[in-house]
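Participant: Next comes my_file.cif, mmCIF, C-alpha atoms:
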```cif
data_start
loop_
_atom_site.label_atom_id
_atom_site.label_comp_id
_atom_site.auth_asym_id
_atom_site.auth_seq_id
_atom_site.Cartn_x
_atom_site.Cartn_y
_atom_site.Cartn_z
CA MET A 1 13.16 11.29 18.10
CA THR A 2 12.97 13.47 15.00
CA ILE A 3 9.53 14.83 14.12
CA THR A 4 8.77 14.07 10.50
CA PRO A 5 6.86 16.39 8.11
CA SER A 6 3.66 14.36 8.30
CA GLU A 7 3.77 14.21 12.12
CA LYS A 8 3.65 18.01 12.06
CA ALA A 9 0.92 18.50 9.48
CA GLY A 10 -0.98 15.23 9.30
CA THR A 11 -0.85 12.85 6.36
CA ARG A 12 -3.73 13.77 4.05
CA LEU A 13 -2.44 11.97 0.96
CA LEU A 14 0.27 9.37 0.30
CA TYR A 15 2.07 8.50 -2.88
CA GLY A 16 2.13 4.74 -3.46
CA CYS A 17 5.34 3.65 -5.18
CA MET A 18 4.18 0.31 -6.61
CA ALA A 19 4.39 1.66 -10.19
CA LEU A 20 8.08 2.55 -9.88
CA GLY A 21 11.02 0.36 -10.81
CA GLY A 22 10.10 -1.03 -14.22
CA SER A 23 8.81 -4.55 -14.73
CA TRP A 24 7.64 -7.15 -12.22
CA ASP A 25 10.17 -9.70 -13.46
CA THR A 26 13.73 -10.20 -12.25
CA ASP A 27 15.30 -8.04 -14.95
CA ALA A 28 17.48 -5.23 -13.61
CA TYR A 29 16.14 -1.68 -13.62
CA GLY A 30 17.83 0.95 -15.78
CA SER A 31 18.50 4.66 -15.84
CA SER A 32 15.13 5.35 -17.47
CA ASP A 33 13.41 3.69 -14.51
CA ILE A 34 15.32 5.92 -12.10
CA ASP A 35 14.39 8.98 -14.15
CA ALA A 36 10.72 7.95 -14.16
CA ALA A 37 10.82 7.50 -10.38
CA GLU A 38 12.42 10.91 -9.98
CA ALA A 39 9.68 12.52 -12.11
CA ALA A 40 6.93 10.83 -10.08
CA ILE A 41 8.51 11.87 -6.77
CA ALA A 42 8.87 15.46 -8.00
CA ALA A 43 5.22 15.52 -9.08
CA ALA A 44 4.15 14.26 -5.65
CA LEU A 45 6.23 16.84 -3.81
CA ASP A 46 4.95 19.60 -6.11
CA SER A 47 1.44 18.47 -5.20
CA GLY A 48 1.98 18.76 -1.46
CA ILE A 49 2.56 15.04 -0.81
CA ASP A 50 5.43 14.22 1.55
CA THR A 51 4.66 10.59 2.45
CA PHE A 52 5.77 7.75 0.17
CA ASP A 53 4.36 4.25 0.55
CA HIS A 54 6.40 1.19 -0.44
CA ALA A 55 6.40 -2.56 0.05
CA ASP A 56 9.38 -4.85 -0.16
CA ILE A 57 7.66 -6.87 -2.90
CA TYR A 58 6.82 -3.97 -5.25
CA ARG A 59 8.48 -4.77 -8.59
CA ARG A 60 10.37 -7.46 -6.67
CA GLY A 61 12.25 -4.85 -4.66
CA LYS A 62 12.99 -2.59 -7.60
CA ALA A 63 10.50 0.09 -6.50
CA GLU A 64 12.45 0.60 -3.28
CA ALA A 65 15.75 0.39 -5.14
CA VAL A 66 14.99 3.12 -7.70
CA PHE A 67 13.60 5.28 -4.91
CA GLY A 68 16.88 4.81 -3.08
CA GLU A 69 18.74 5.88 -6.22
CA VAL A 70 16.71 9.11 -6.29
CA LEU A 71 17.44 9.74 -2.62
CA ALA A 72 21.15 9.23 -3.26
CA ARG A 73 21.19 11.75 -6.12
CA THR A 74 19.08 14.36 -4.29
CA PRO A 75 20.79 15.73 -1.15
CA GLY A 76 18.35 16.77 1.56
CA LEU A 77 15.38 14.90 0.10
CA ARG A 78 15.29 12.24 2.80
CA GLU A 79 14.83 14.87 5.51
CA ARG A 80 11.81 16.32 3.68
CA ILE A 81 9.78 13.15 3.37
CA VAL A 82 8.17 10.30 5.29
CA LEU A 83 9.13 6.79 4.17
CA GLN A 84 6.65 3.99 4.74
CA THR A 85 7.15 0.41 3.63
CA LYS A 86 5.50 -2.96 4.18
CA CYS A 87 6.66 -6.53 4.70
CA GLY A 88 5.02 -9.89 5.20
CA ILE A 89 4.33 -11.17 1.68
CA ARG A 90 6.72 -13.54 -0.06
CA LEU A 91 6.18 -13.73 -3.81
CA ALA A 92 6.06 -17.05 -5.64
CA GLU A 93 9.53 -18.36 -6.33
CA GLY A 94 10.59 -21.47 -8.21
CA GLY A 95 8.00 -24.11 -7.46
CA ARG A 96 6.81 -22.43 -4.26
CA PRO A 97 3.58 -20.39 -4.39
CA GLY A 98 3.30 -16.98 -2.80
CA ILE A 99 2.87 -17.10 0.98
CA TYR A 100 2.61 -14.77 3.97
CA ASP A 101 5.43 -14.64 6.52
CA LEU A 102 5.28 -12.56 9.70
CA ARG A 103 7.76 -14.57 11.72
CA GLY A 104 9.87 -12.24 13.85
CA PRO A 105 13.28 -12.99 12.24
CA SER A 106 11.71 -12.67 8.78
CA ILE A 107 10.32 -9.22 9.63
CA VAL A 108 13.73 -8.05 10.82
CA ARG A 109 15.48 -9.45 7.75
CA ARG A 110 13.00 -7.84 5.35
CA VAL A 111 13.39 -4.47 7.07
CA GLU A 112 17.16 -4.68 6.80
CA GLU A 113 16.84 -5.47 3.09
CA SER A 114 14.44 -2.55 2.57
CA LEU A 115 16.80 -0.17 4.34
CA GLY A 116 19.59 -1.25 2.00
CA ARG A 117 17.50 -0.73 -1.12
CA LEU A 118 16.12 2.60 0.09
CA ARG A 119 19.61 3.78 1.09
CA THR A 120 18.44 5.13 4.40
CA ASP A 121 19.20 4.37 8.04
CA ALA A 122 15.59 4.31 9.26
CA ILE A 123 12.03 3.68 8.06
CA ASP A 124 9.46 6.12 9.39
CA VAL A 125 6.50 3.70 9.28
CA LEU A 126 6.49 -0.08 8.80
CA LEU A 127 3.22 -1.83 7.96
CA LEU A 128 2.65 -5.57 8.24
CA HIS A 129 1.35 -6.26 4.74
CA ARG A 130 -1.06 -9.18 5.22
CA PRO A 131 -2.15 -11.32 8.18
CA ASP A 132 -0.12 -14.50 8.59
CA PRO A 133 -2.36 -17.14 10.24
CA LEU A 134 0.71 -18.95 11.62
CA ALA A 135 2.14 -15.81 13.20
CA ASP A 136 2.62 -15.53 16.96
CA PRO A 137 1.75 -11.99 18.09
CA GLU A 138 4.38 -12.15 20.86
CA ASP A 139 7.01 -13.07 18.27
CA ILE A 140 5.88 -10.23 15.98
CA ALA A 141 5.88 -7.77 18.88
CA ALA A 142 9.39 -8.77 19.92
CA ALA A 143 10.62 -8.05 16.39
CA LEU A 144 8.88 -4.67 16.25
CA ILE A 145 10.21 -3.68 19.67
CA SER A 146 13.73 -4.64 18.63
CA LEU A 147 13.50 -2.65 15.40
CA ARG A 148 12.26 0.37 17.33
CA GLU A 149 14.93 0.14 20.01
CA GLN A 150 17.62 -0.08 17.33
CA GLY A 151 16.25 3.05 15.67
CA LEU A 152 15.59 1.18 12.42
CA VAL A 153 11.82 1.82 12.42
CA ARG A 154 10.06 4.73 14.12
CA ARG A 155 6.37 3.76 13.97
CA PHE A 156 4.33 0.70 13.03
CA GLY A 157 0.99 -0.21 11.54
CA VAL A 158 -0.78 -2.95 9.62
CA SER A 159 -2.41 -3.50 6.26
CA ASN A 160 -5.48 -5.52 5.31
CA MET A 161 -6.26 -6.48 8.91
CA ASN A 162 -9.49 -6.49 10.91
CA ALA A 163 -10.15 -5.04 14.34
CA ALA A 164 -9.57 -8.29 16.23
CA GLN A 165 -6.23 -8.89 14.53
CA ILE A 166 -5.05 -5.37 15.29
CA ALA A 167 -6.20 -5.57 18.91
CA ARG A 168 -4.51 -8.95 19.40
CA LEU A 169 -1.16 -7.54 18.28
CA GLN A 170 -1.61 -4.24 20.11
CA ARG A 171 -1.94 -6.06 23.44
CA HIS A 172 1.72 -7.05 23.17
CA LEU A 173 3.00 -3.56 22.35
CA GLU A 174 3.56 -0.54 24.60
CA PHE A 175 3.47 1.87 21.64
CA PRO A 176 0.42 2.36 19.40
CA LEU A 177 -0.12 0.93 15.95
CA VAL A 178 -0.72 4.04 13.85
CA ALA A 179 -2.21 2.88 10.53
CA ASN A 180 -4.29 0.24 8.78
CA GLN A 181 -4.17 0.23 4.98
CA LEU A 182 -7.29 -1.17 3.29
CA GLU A 183 -8.76 -1.08 -0.19
CA MET A 184 -11.27 1.79 -0.05
CA SER A 185 -12.81 3.86 -2.81
CA LEU A 186 -16.10 5.04 -4.25
CA ASP A 187 -16.13 1.70 -6.09
CA ARG A 188 -14.93 -0.49 -3.18
CA ARG A 189 -17.49 0.55 -0.57
CA ASP A 190 -17.91 -2.52 1.66
CA TRP A 191 -16.07 -0.75 4.50
CA LEU A 192 -18.82 1.89 4.42
CA GLU A 193 -21.78 -0.32 3.58
CA ASP A 194 -21.03 -2.55 6.55
CA GLY A 195 -22.00 0.26 8.89
CA VAL A 196 -25.41 0.91 7.33
CA LEU A 197 -26.58 -2.60 6.46
CA VAL A 198 -27.05 -3.63 10.09
CA ASN A 199 -30.33 -5.54 10.52
CA THR A 200 -30.83 -6.00 6.78
CA ALA A 201 -30.72 -9.11 4.61
CA ALA A 202 -27.88 -7.55 2.61
CA ALA A 203 -25.58 -7.47 5.65
CA ALA A 204 -24.45 -11.07 5.17
CA ALA A 205 -23.19 -10.30 1.68
CA SER A 206 -21.03 -7.35 2.71
CA GLY A 207 -18.02 -9.47 3.59
CA PHE A 208 -16.26 -6.63 5.38
CA PRO A 209 -15.19 -7.37 8.99
CA SER A 210 -17.66 -5.46 11.14
CA GLY A 211 -16.25 -3.01 13.65
CA THR A 212 -12.91 -2.49 11.92
CA VAL A 213 -13.53 1.13 10.90
CA GLU A 214 -14.96 1.90 14.33
CA TYR A 215 -11.99 0.27 16.09
CA CYS A 216 -9.56 2.33 14.07
CA LEU A 217 -11.50 5.52 14.80
CA GLU A 218 -11.61 4.83 18.53
CA ASN A 219 -7.95 3.84 18.83
CA GLY A 220 -6.23 6.44 16.67
CA VAL A 221 -5.36 3.98 13.89
CA ARG A 222 -5.27 6.01 10.68
CA LEU A 223 -7.07 4.39 7.77
CA GLN A 224 -5.07 4.52 4.56
CA ALA A 225 -6.94 3.74 1.34
CA TRP A 226 -5.19 1.80 -1.37
CA GLY A 227 -6.95 1.66 -4.74
CA ALA A 228 -8.42 5.07 -3.85
CA LEU A 229 -8.98 6.15 -7.47
CA ALA A 230 -10.79 2.88 -8.28
CA GLN A 231 -8.39 2.03 -11.10
CA GLY A 232 -9.77 4.91 -13.18
CA ARG A 233 -13.28 3.50 -13.13
CA PHE A 234 -14.90 6.93 -12.70
CA THR A 235 -12.27 9.05 -14.44
CA GLY A 236 -11.50 6.94 -17.51
CA ARG A 237 -13.06 3.63 -18.40
CA GLN A 238 -16.66 2.89 -17.43
CA GLU A 239 -18.23 -0.53 -17.88
CA SER A 240 -21.77 -0.14 -16.58
CA PRO A 241 -24.61 2.41 -16.53
CA ASP A 242 -23.97 3.12 -12.83
CA GLU A 243 -20.29 3.78 -13.51
CA ARG A 244 -21.12 6.11 -16.40
CA ALA A 245 -23.65 8.01 -14.28
CA THR A 246 -21.11 8.31 -11.47
CA ALA A 247 -18.40 9.53 -13.83
CA ARG A 248 -20.74 12.25 -15.12
CA LEU A 249 -21.54 13.35 -11.57
CA VAL A 250 -17.88 13.36 -10.58
CA ARG A 251 -17.04 15.52 -13.60
CA SER A 252 -19.93 17.90 -12.87
CA LEU A 253 -18.84 18.39 -9.26
CA ALA A 254 -15.21 18.88 -10.31
CA ASP A 255 -16.19 21.57 -12.81
CA ALA A 256 -18.40 23.33 -10.27
CA LYS A 257 -15.63 23.38 -7.66
CA GLY A 258 -12.76 24.25 -9.98
CA THR A 259 -10.87 21.04 -9.44
CA THR A 260 -10.31 17.63 -11.08
CA PRO A 261 -12.41 14.45 -11.06
CA GLU A 262 -9.54 12.67 -9.29
CA THR A 263 -9.71 15.17 -6.46
CA VAL A 264 -13.48 14.71 -6.07
CA LEU A 265 -13.00 10.96 -5.67
CA LEU A 266 -10.34 11.50 -3.02
CA TRP A 267 -12.40 14.15 -1.24
CA TRP A 268 -15.20 11.59 -0.96
CA LEU A 269 -12.88 9.39 1.10
CA GLN A 270 -11.35 12.24 3.07
CA ARG A 271 -14.77 13.65 4.00
CA HIS A 272 -15.47 10.54 6.13
CA PRO A 273 -14.97 11.07 9.92
CA ALA A 274 -12.19 8.47 9.88
CA ARG A 275 -10.04 11.04 8.05
CA VAL A 276 -9.12 8.44 5.46
CA ALA A 277 -5.71 9.07 3.87
CA PRO A 278 -5.83 7.96 0.20
CA VAL A 279 -2.81 6.33 -1.42
CA LEU A 280 -2.15 7.31 -5.05
CA GLY A 281 -0.77 4.51 -7.16
CA SER A 282 -0.12 6.09 -10.55
CA GLY A 283 3.34 6.43 -12.03
CA ARG A 284 2.22 9.24 -14.36
CA PRO A 285 3.20 12.74 -13.17
CA GLU A 286 0.12 14.34 -14.75
CA ARG A 287 -2.15 11.92 -12.90
CA ILE A 288 -0.37 12.66 -9.63
CA ARG A 289 -0.70 16.42 -10.13
CA ALA A 290 -4.41 15.98 -10.84
CA CYS A 291 -4.75 15.05 -7.15
CA ARG A 292 -3.05 18.18 -5.83
CA ASP A 293 -6.20 19.73 -4.36
CA ALA A 294 -6.81 16.63 -2.25
CA ALA A 295 -3.46 17.24 -0.56
CA LEU A 296 -3.77 21.00 -0.17
CA ARG A 297 -7.49 21.76 0.26
CA GLU A 298 -10.11 20.65 2.75
CA PRO A 299 -12.68 18.28 1.18
CA ASP A 300 -15.18 20.55 -0.54
CA LEU A 301 -18.23 18.30 -0.54
CA THR A 302 -21.48 19.06 1.21
CA HIS A 303 -23.38 16.41 3.14
CA GLU A 304 -25.81 16.07 0.23
CA GLU A 305 -23.08 15.94 -2.44
CA TRP A 306 -21.24 13.20 -0.53
CA TYR A 307 -24.43 11.14 -0.34
CA GLU A 308 -25.23 11.79 -4.00
CA LEU A 309 -21.86 10.33 -5.03
CA TRP A 310 -22.40 7.30 -2.80
CA LEU A 311 -25.92 6.59 -3.99
CA THR A 312 -25.08 7.09 -7.65
CA ALA A 313 -22.16 4.68 -7.43
CA ARG A 314 -24.31 2.31 -5.37
CA GLY A 315 -27.02 2.25 -8.01
CA ALA A 316 -29.71 1.66 -5.39
CA PRO A 317 -31.35 3.56 -2.53
CA LEU A 318 -30.28 3.06 1.06
CA PRO A 319 -32.16 0.41 3.10
#
```
Represent the structure of the file as structure tokens.
Facilitator:
Amino acid sequence: MTITPSEKAGTRLLYGCMALGGSWDTDAYGSSDIDAAEAAIAAALDSGIDTFDHADIYRRGKAEAVFGEVLARTPGLRERIVLQTKCGIRLAEGGRPGIYDLRGPSIVRRVEESLGRLRTDAIDVLLLHRPDPLADPEDIAAALISLREQGLVRRFGVSNMNAAQIARLQRHLEFPLVANQLEMSLDRRDWLEDGVLVNTAAAAASGFPSGTVEYCLENGVRLQAWGALAQGRFTGRQESPDERATARLVRSLADAKGTTPETVLLWWLQRHPARVAPVLGSGRPERIRACRDAALREPDLTHEEWYELWLTARGAPLP
């Protein structure tokens, strides 16, 4: 099996392609959407990012489709990158609301459709996008095994799942699940708070499934952080005193270390022992390039600086 770039060097940063492909409606994409995708991909590559994260639902399939257009017009690009996509969500259609669908035949069909849009013969990593409460783990496993044996998907992971859900599926697979993509940022901290609120009254309000981070650490499941830049909450708009104080601290640390505020936010995630791999979701090349140091440099935050960021964003002392 071919060794991909990120298998050699480790995936430190991913580019999330949800912003590509134009609108979220059913209108066709145009040449300007392809050009915008090409500019975003070039900015990611220039910034040391070789892994691109998709989902079959992004822009109703148009994100994958414009990416496939760029691959078709750029010989040799496919061999330089890692392609990751997700399946398992079905968007609302007609009178039917959005649902989750991880039935085996549905997984296979969605992968085949993604391969067609991406204009490639194999997906490097497939993530199951959301837990489907009706799913049979044996049925899911059979689909994943078939996709692997056919050479259509090389590796598998999950998204938005807890430790028990991952373990239940893993029991039916002979190969490891390699990733779990969760919302994680300096603003969305429940994954971190869960581990320090043990034996406190605040623990019940955390809401995060206890043991998930630890399970992933112990079993080699790489945590990928979507929403890693907190929707610009600490680098653009601020809506509360705590957010404004955090933005000032982020800017101060960035200036002191000769980098950007975006990089400081990503370093905060990467500094965690779980080696969190942030996913960038911006379609703006300048925003992507602002994260370059997070792809190319080790996280330059001391123990005290990391805690200062956490406590400032938290707006309260630790228990």
Participant: On this structure, the PyMOL selection byres ((chain A and resi 274) around 10) would catch which residues? List them as a ChimeraX atom specification, sorted by chain and number.
Facilitator: /A:213-214,216-218,220-224,269-273,275-277
Participant: Name the residues captured by the PyMOL selection byres ((chain A and resi 245) around 12) when it is applied to the shown file; answer as JSON, numbers by chain.
Facilitator: {"A": [233, 234, 235, 238, 239, 240, 241, 242, 243, 244, 246, 247, 248, 249, 250, 251, 252, 308, 309, 310, 311, 312, 313, 314, 315]}
Participant: Go ahead and compute the interatomic distance for atom CA of Glu149 of chain A and atom CA of Thr120 of chain A, in Å to one decimal.
Facilitator: 16.8 Å
Participant: Report the residues retrieved by the PyMOL selection byres ((chain A and resi 282) around 9) from the displayed file, expressed as a list in words.
Facilitator: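 When the PyMOL selection byres ((chain A and resi 282) around 9) is applied to the shown file, the picked residues are Tyr15, Gly16, Cys17, Met18, Ala19, Leu20, Ala40, Leu280, Gly281, Gly283, Arg284, Pro285, Arg287 and Ile288 of chain A.
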Participant: Using all atoms listed in the file, which residues sit within 9 Å of Arg60 of chain A once same-chain residues fewer than 5 positions away are excluded, as a list in words?
Facilitator: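 Neighbouring residues, sequence-local ones excluded: Gly21, Ser23, Trp24, Asp25, Thr26 and Leu91 of chain A.
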Participant: For Ala254 of chain A, list every protein, DNA or RNA residue within 8 Å, evaluated using all atoms listed in the file, and leave out those in the same chain fewer than 6 positions away; present the list as a PDB file with C-alpha atoms, in the coordinates of the input.
Facilitator:
```pdb
ATOM      1  CA  THR A 260     -10.310  17.630 -11.080  1.00  0.00           C
ATOM      2  CA  PRO A 261     -12.410  14.450 -11.060  1.00  0.00           C
ATOM      3  CA  THR A 263      -9.710  15.170  -6.460  1.00  0.00           C
ATOM      4  CA  VAL A 264     -13.480  14.710  -6.070  1.00  0.00           C
TER       5      VAL A 264
END
```
Participant: Select, from A:Ile34, A:Ile145, A:Ala295, A:Ala122, the residue with the minimum atom-to-atom distance to His172 of chain A, counting all atoms listed in the file.
Facilitator: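 Looking only at the distances to His172 of chain A, the closest residue turns out to be A:Ile145.
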Participant: Can you work out which one of A:Leu197, A:Ala294, A:Glu174, A:Thr259 has the shortest atom-to-atom distance to Leu229 of chain A, counting only C-alpha atoms?
Facilitator: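 Of the candidates, the smallest distance to Leu229 of chain A is held by A:Ala294.
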Participant: May I ask for the distance between atom CA of Ile123 of chain A and atom CA of Val153 of chain A, given in Å to one decimal place?
Facilitator: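 These two atoms are separated by 4.7 Å.
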Participant: What gap, in Å, lies between atom CA of Leu14 of chain A and atom CA of Asp139 of chain A?
Facilitator: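 Between atom CA of Leu14 of chain A and atom CA of Asp139 of chain A the gap is 29.5 Å.
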Participant: Residues within 9 Å of Asp56 of chain A, please, as a PyMOL selection string. Count all atoms listed in the file; anything in the same chain fewer than 6 positions from it doesn't count.
Facilitator: chain A and resi 62-64+85-89+110-111+113-114
Participant: Do a neighbour search on Ser210 of chain A at 12 Å with only C-alpha atoms, toss out local chain neighbours closer than 4 positions, and write the hits as a list in words.
Facilitator: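 The residues satisfying every condition are Met161, Asn162, Ala163, Ala164, Asp190, Trp191, Leu192, Glu193, Asp194, Gly195, Val196, Leu197, Val198, Ala203, Ala204, Ala205, Ser206, Glu214, Tyr215 and Cys216 of chain A.
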Participant: With a distance cut-off of 6 Å and all atoms listed in the file, select the neighbouring residues of Asn180 of chain A, excluding the residue or stretch itself and same-chain residues fewer than 5 positions from it, and output the selection as a list of chain:residue names.
Facilitator: A:Gly157, A:Val158, A:Ser159, A:Leu223
Participant: I'd like to know which of A:Phe208, A:Tyr58, A:Trp267, A:Phe52 is closest to Ser185 of chain A, using all atoms listed in the file.
Facilitator: A:Trp267
Participant: Restricting the calculation to only C-alpha atoms, which member of A:Leu253, A:Ile81, A:Leu177, A:Ala141 is positioned closest to Ile49 of chain A?
Facilitator: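 Residue with the minimum atom-to-atom distance to Ile49 of chain A: A:Ile81.
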